[in-house]
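Below is one structure, written out as structure tokens; comments come after it.
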Amino acid sequence: MTPTAIADHIESNNLQADPATKKKFNLFVGASVGPEVEDRWARLDMIARRYPHQVGKDIAKGINAGRIEFADKHLSMFPQDLVYGYYSLNKKHGDPKKPLDWAIVEATAITEEGYIVPGASVGATPELIQSAEKIIVEVNTRIPNLEGLHDINYSFVPPNRLPYLIVHPSDRIGVTAIPVDPDRIVAVVESNKPDNTGPNAPENDESRAIASHLISFLSSEVSAGRLPKSLLPLQSGIGNVANSIIGGLAEGPFEEVQVWTEVLQDTFIRFFDSGKLGFATATSVRFSPGGFERFYKKHDLDIIVTEQGLADLRGLSPRERAPTIIRNCAHPDYRDMLMDYYERSLDECLRRGAGHEPHMLRNAFKFHLNLMEKGSMKVDKWD
């Protein structure tokens with residue numbers, strides 16, 4: 001949202017036409033970024049320097065034309081080098097200990113401690129936050145709260161670096177959200193945009209043949225006793241060959257397979273559903289739009305348990321789930337108020353033809369505003 005708004009402002013005011021108003025930025029991203037940022041910024045000649053990775057025809061043209069300074073860097077090394085100050089050696093302004101002027105980060109939620117719960121990727125986000133003088137947080141309400149999905153660990157500068165005590169893909173060494181200094185947060189913006197990933201590269205006969213050969217080889221290694229039946233932890237790439245291999249594993253003879261990789265693609269959902277994937281860890285999730293829809297909605301909760309009781313949600317629609325959860329799991333002090341909120345929302349949404357998942361955002365936010373102002377979510381009145 002924010003990078004797009006910056007481009008909109010620059011383009012609508014024709015700032016790039018006048019050298020006195022022209023804007024150019026050093027753009028640091030943990031890996032790739034959507035074409036609405038990278039390629040559009042390149043077309044508007046807004047990028048002075050780009051590290052450590054780029055994807056797009058327009059930015060490639062800008063690099064080859066000499067308008068954009070760029071160098072490849074191993075993605076796992078970039079966060080460390082950023083914290084070390086390698087990209088701010090000539091910085092003459094601001095805090096010399098903060099290599100970046102600004103960081104723009106996505107959150108699916110903000111915890112009670114003020115920590116940021118990232119979205120479908122982490123990458124260099126902890127280090128970008130660590131290195132920025134000012135931070136803008138985009139809370140994406142389109143994406144479910146992914147708290148608990150991540151394992152966040154910071155980079156430390158020598159001599160304070162510590163070993164990463166990871167033996168298995170399922171080992172955790174960090175926390176589930178990114179700690180942040182609230183004094184450096186200058187804005188919180190709401191976003192409702194889905195991940196702009198596009199379709200995954202489709203499988204074809206050649207990629208499926210490659211997958212078949214590899215799975216036959218792994219099966220022979222298991223039969224010879226050189227590999228366990230669960231194999232050893234696997235790393236997969238991206239593209240149609242990797243998709244075919246993971247899809248083949250979903251139909252293969254191996255059980256409780258562990259994956260330690262960079263990116264999870266659509267066929268990992270099939271692998272997970274097959275029951276043969278024991279655990280997978282990655283720096284990001286790059287599902288297609290349909291894959292994200294399946295990931296967010298299909299793998300949903302069927303049972304919710306609190307100290308008040310258990311709500312069995314199997315087979316229920318969203319309109320049926322809400323009152324079931326309220327009756328069985330909500331605290332008695334809030335039960336009537338939540339039911340009143342739900343019934344008001346249902347009535348209003350049905351009248352305007354939006355009754356599938358009824359909400360009244362103006363009233364939903366009153367819970368939180370009341371907590372901020374009065375220390376309690378107990379709302380006295382709605383209107």
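Please note that chains go A, B, ... in the order of the structure tokens, that every chain numbers its residues from 1, and that ligands are numbered from 1 in the order shown.
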
* Contacts of A:Ala132 at 8 Å or less, counting only C-alpha atoms, minus same-chain residues fewer than 5 places along, as a list in words? ->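 Contacts, with the query itself left out: Lys98, Pro99, Leu100, Asp101, Trp102 and Ala103 of chain A.
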
Could you please take those selected residues and save C-alpha atoms as an mmCIF file, in the first residue's frame?
```cif
data_model
loop_
_atom_site.group_PDB
_atom_site.id
_atom_site.type_symbol
_atom_site.label_atom_id
_atom_site.label_comp_id
_atom_site.auth_asym_id
_atom_site.auth_seq_id
_atom_site.Cartn_x
_atom_site.Cartn_y
_atom_site.Cartn_z
ATOM 1 C CA LYS A 98 20.706 2.755 11.754
ATOM 2 C CA PRO A 99 21.615 1.908 8.140
ATOM 3 C CA LEU A 100 18.087 2.547 6.829
ATOM 4 C CA ASP A 101 15.979 5.699 6.997
ATOM 5 C CA TRP A 102 12.666 3.843 6.666
ATOM 6 C CA ALA A 103 11.298 0.303 6.891
#
```

When you look at stretch 66-70 of chain A with a cut-off of 6 Å (counting only C-alpha atoms), what residues show up, excluding the ones that are within fewer than 5 positions of it in the same chain? I need them as a PDB file with N, CA and C atoms, in the first residue's frame.
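Saved file part_18.pdb follows:
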```
ATOM      1  N   ALA A  48      17.409   4.311  -7.138  1.00  0.00           N
ATOM      2  CA  ALA A  48      18.824   4.624  -7.326  1.00  0.00           C
ATOM      3  C   ALA A  48      19.686   3.383  -7.141  1.00  0.00           C
ATOM      4  N   ARG A  49      19.318   2.558  -6.162  1.00  0.00           N
ATOM      5  CA  ARG A  49      20.124   1.388  -5.808  1.00  0.00           C
ATOM      6  C   ARG A  49      19.184   0.280  -5.334  1.00  0.00           C
ATOM      7  N   ARG A  50      19.461  -0.965  -5.735  1.00  0.00           N
ATOM      8  CA  ARG A  50      18.604  -2.102  -5.373  1.00  0.00           C
ATOM      9  C   ARG A  50      19.476  -3.266  -4.923  1.00  0.00           C
TER      10      ARG A  50
END
```

* Apply DSSP to the structure's backbone, then extract all residues of stretch 14-231 of chain A labelled strand (DSSP E or B) and return them as number ranges by chain. => A: 25-28, 47-51, 69-70, 100-107, 109-110, 116-117, 121, 132-140, 152, 175, 178, 185-191

Could you dump the residues just selected with C-alpha atoms as an mmCIF file, in the first residue's frame?
```
data_model
loop_
_atom_site.group_PDB
_atom_site.id
_atom_site.type_symbol
_atom_site.label_atom_id
_atom_site.label_comp_id
_atom_site.auth_asym_id
_atom_site.auth_seq_id
_atom_site.Cartn_x
_atom_site.Cartn_y
_atom_site.Cartn_z
ATOM 1 C CA PHE A 25 15.369 5.768 -3.379
ATOM 2 C CA ASN A 26 17.697 2.999 -2.310
ATOM 3 C CA LEU A 27 15.437 -0.074 -2.230
ATOM 4 C CA PHE A 28 16.399 -2.958 0.063
ATOM 5 C CA ILE A 47 15.232 3.533 -7.814
ATOM 6 C CA ALA A 48 18.824 4.624 -7.326
ATOM 7 C CA ARG A 49 20.124 1.388 -5.808
ATOM 8 C CA ARG A 50 18.604 -2.102 -5.373
ATOM 9 C CA TYR A 51 19.888 -4.950 -3.205
ATOM 10 C CA GLU A 69 22.998 0.386 -9.166
ATOM 11 C CA PHE A 70 22.560 -3.306 -8.389
ATOM 12 C CA LEU A 100 18.087 2.547 6.829
ATOM 13 C CA ASP A 101 15.979 5.699 6.997
ATOM 14 C CA TRP A 102 12.666 3.843 6.666
ATOM 15 C CA ALA A 103 11.298 0.303 6.891
ATOM 16 C CA ILE A 104 7.865 -0.636 5.562
ATOM 17 C CA VAL A 105 6.710 -3.987 6.932
ATOM 18 C CA GLU A 106 3.555 -6.065 6.701
ATOM 19 C CA ALA A 107 1.791 -7.435 9.778
ATOM 20 C CA ALA A 109 -1.477 -8.829 13.715
ATOM 21 C CA ILE A 110 0.200 -6.833 16.473
ATOM 22 C CA ILE A 116 4.710 -7.564 14.772
ATOM 23 C CA VAL A 117 3.286 -10.860 13.478
ATOM 24 C CA SER A 121 7.269 -14.340 4.460
ATOM 25 C CA ALA A 132 15.579 1.412 10.389
ATOM 26 C CA GLU A 133 15.287 4.830 12.014
ATOM 27 C CA LYS A 134 11.531 4.995 11.258
ATOM 28 C CA ILE A 135 9.046 2.185 10.698
ATOM 29 C CA ILE A 136 5.697 2.052 8.898
ATOM 30 C CA VAL A 137 3.562 -0.995 9.729
ATOM 31 C CA GLU A 138 0.945 -2.155 7.234
ATOM 32 C CA VAL A 139 -1.622 -4.339 9.026
ATOM 33 C CA ASN A 140 -3.117 -6.575 6.342
ATOM 34 C CA ILE A 152 11.960 -15.052 14.606
ATOM 35 C CA VAL A 175 9.939 -16.052 19.113
ATOM 36 C CA ILE A 178 9.121 -9.505 15.774
ATOM 37 C CA ILE A 185 6.910 3.389 14.572
ATOM 38 C CA VAL A 186 5.660 6.530 12.856
ATOM 39 C CA ALA A 187 2.535 5.124 11.187
ATOM 40 C CA VAL A 188 0.219 2.113 11.203
ATOM 41 C CA VAL A 189 -1.669 1.657 7.921
ATOM 42 C CA GLU A 190 -4.458 -0.778 7.136
ATOM 43 C CA SER A 191 -4.080 -2.875 3.999
#
```

Per residue of stretch 132-209 of chain A within 8 Å of stretch 244-263 of chain A, which atom pair is closest and at what distance in Å (one decimal), using only C-alpha atoms, listed by chain and increasing number, as CSV?
```
residue,atom,partner,partner_atom,distance
A:Pro169,CA,A:Trp260,CA,5.7
A:Glu203,CA,A:Ser244,CA,5.9
A:Ser207,CA,A:Ser244,CA,5.9
A:Arg208,CA,A:Ser244,CA,5.4
```

Those same residues, written as a short mmCIF file (atom, residue, chain, number, x, y, z; two decimals), in the first residue's frame with all heavy atoms?
```cif
data_model
loop_
_atom_site.label_atom_id
_atom_site.label_comp_id
_atom_site.auth_asym_id
_atom_site.auth_seq_id
_atom_site.Cartn_x
_atom_site.Cartn_y
_atom_site.Cartn_z
N PRO A 169 14.56 -29.75 11.39
CA PRO A 169 13.74 -28.68 10.80
C PRO A 169 12.68 -28.13 11.74
O PRO A 169 12.32 -26.95 11.64
CB PRO A 169 13.10 -29.37 9.59
CG PRO A 169 14.08 -30.43 9.21
CD PRO A 169 14.64 -30.93 10.51
N GLU A 203 3.20 -27.88 -13.86
CA GLU A 203 3.91 -29.13 -14.14
C GLU A 203 3.69 -29.51 -15.60
O GLU A 203 2.68 -29.16 -16.20
CB GLU A 203 3.41 -30.24 -13.23
CG GLU A 203 3.57 -29.97 -11.74
CD GLU A 203 2.98 -31.07 -10.89
OE1 GLU A 203 3.39 -32.23 -11.08
OE2 GLU A 203 2.10 -30.78 -10.06
N SER A 207 8.80 -32.32 -16.45
CA SER A 207 9.05 -32.14 -15.02
C SER A 207 8.57 -33.35 -14.23
O SER A 207 9.20 -33.76 -13.25
CB SER A 207 8.36 -30.87 -14.52
OG SER A 207 6.95 -30.97 -14.56
N ARG A 208 7.46 -33.96 -14.68
CA ARG A 208 6.97 -35.16 -13.99
C ARG A 208 7.92 -36.33 -14.21
O ARG A 208 8.10 -37.17 -13.30
CB ARG A 208 5.56 -35.49 -14.46
CG ARG A 208 4.49 -34.61 -13.81
CD ARG A 208 3.09 -35.08 -14.15
NE ARG A 208 2.72 -34.70 -15.51
CZ ARG A 208 2.06 -33.60 -15.82
NH1 ARG A 208 1.71 -32.75 -14.87
NH2 ARG A 208 1.77 -33.32 -17.09
#
```

* Spatial neighbours of A:Thr324, 8 Å, only C-alpha atoms, chain gap at least 4 places, as a ChimeraX atom specification -> /A:311-313,320,328

Would you output that residue set with all heavy atoms, as an mmCIF file, in the first residue's frame?
```cif
data_model
loop_
_atom_site.group_PDB
_atom_site.id
_atom_site.type_symbol
_atom_site.label_atom_id
_atom_site.label_comp_id
_atom_site.auth_asym_id
_atom_site.auth_seq_id
_atom_site.Cartn_x
_atom_site.Cartn_y
_atom_site.Cartn_z
ATOM 1 N N ALA A 311 -16.437 -25.536 21.518
ATOM 2 C CA ALA A 311 -17.325 -25.254 20.397
ATOM 3 C C ALA A 311 -16.968 -26.191 19.252
ATOM 4 O O ALA A 311 -15.855 -26.139 18.719
ATOM 5 C CB ALA A 311 -17.185 -23.795 19.958
ATOM 6 N N ASP A 312 -17.903 -27.069 18.888
ATOM 7 C CA ASP A 312 -17.713 -28.002 17.781
ATOM 8 C C ASP A 312 -18.222 -27.323 16.511
ATOM 9 O O ASP A 312 -19.433 -27.139 16.332
ATOM 10 C CB ASP A 312 -18.487 -29.290 18.057
ATOM 11 C CG ASP A 312 -18.220 -30.363 17.006
ATOM 12 O OD1 ASP A 312 -17.638 -30.028 15.956
ATOM 13 O OD2 ASP A 312 -18.600 -31.524 17.225
ATOM 14 N N LEU A 313 -17.309 -26.936 15.625
ATOM 15 C CA LEU A 313 -17.655 -26.146 14.452
ATOM 16 C C LEU A 313 -17.685 -26.965 13.171
ATOM 17 O O LEU A 313 -17.845 -26.413 12.074
ATOM 18 C CB LEU A 313 -16.640 -25.002 14.287
ATOM 19 C CG LEU A 313 -16.391 -24.151 15.530
ATOM 20 C CD1 LEU A 313 -15.344 -23.092 15.233
ATOM 21 C CD2 LEU A 313 -17.681 -23.506 16.004
ATOM 22 N N GLU A 320 -23.187 -19.790 11.316
ATOM 23 C CA GLU A 320 -23.493 -20.751 12.381
ATOM 24 C C GLU A 320 -22.360 -20.839 13.399
ATOM 25 O O GLU A 320 -22.591 -21.108 14.583
ATOM 26 C CB GLU A 320 -23.753 -22.126 11.779
ATOM 27 C CG GLU A 320 -24.991 -22.200 10.895
ATOM 28 C CD GLU A 320 -25.069 -23.498 10.120
ATOM 29 O OE1 GLU A 320 -24.020 -23.963 9.617
ATOM 30 O OE2 GLU A 320 -26.185 -24.047 10.004
ATOM 31 N N ASN A 328 -20.498 -21.110 23.677
ATOM 32 C CA ASN A 328 -19.723 -22.162 24.330
ATOM 33 C C ASN A 328 -18.359 -21.724 24.853
ATOM 34 O O ASN A 328 -17.840 -22.348 25.784
ATOM 35 C CB ASN A 328 -19.517 -23.336 23.359
ATOM 36 C CG ASN A 328 -20.789 -24.071 23.056
ATOM 37 O OD1 ASN A 328 -21.249 -24.902 23.839
ATOM 38 N ND2 ASN A 328 -21.397 -23.775 21.912
#
```

* A:Leu149 environment, 7 Å, only C-alpha atoms, sequence neighbours closer than 2 positions dropped, as a VMD selection string -> chain A and resid 146 to 147 176
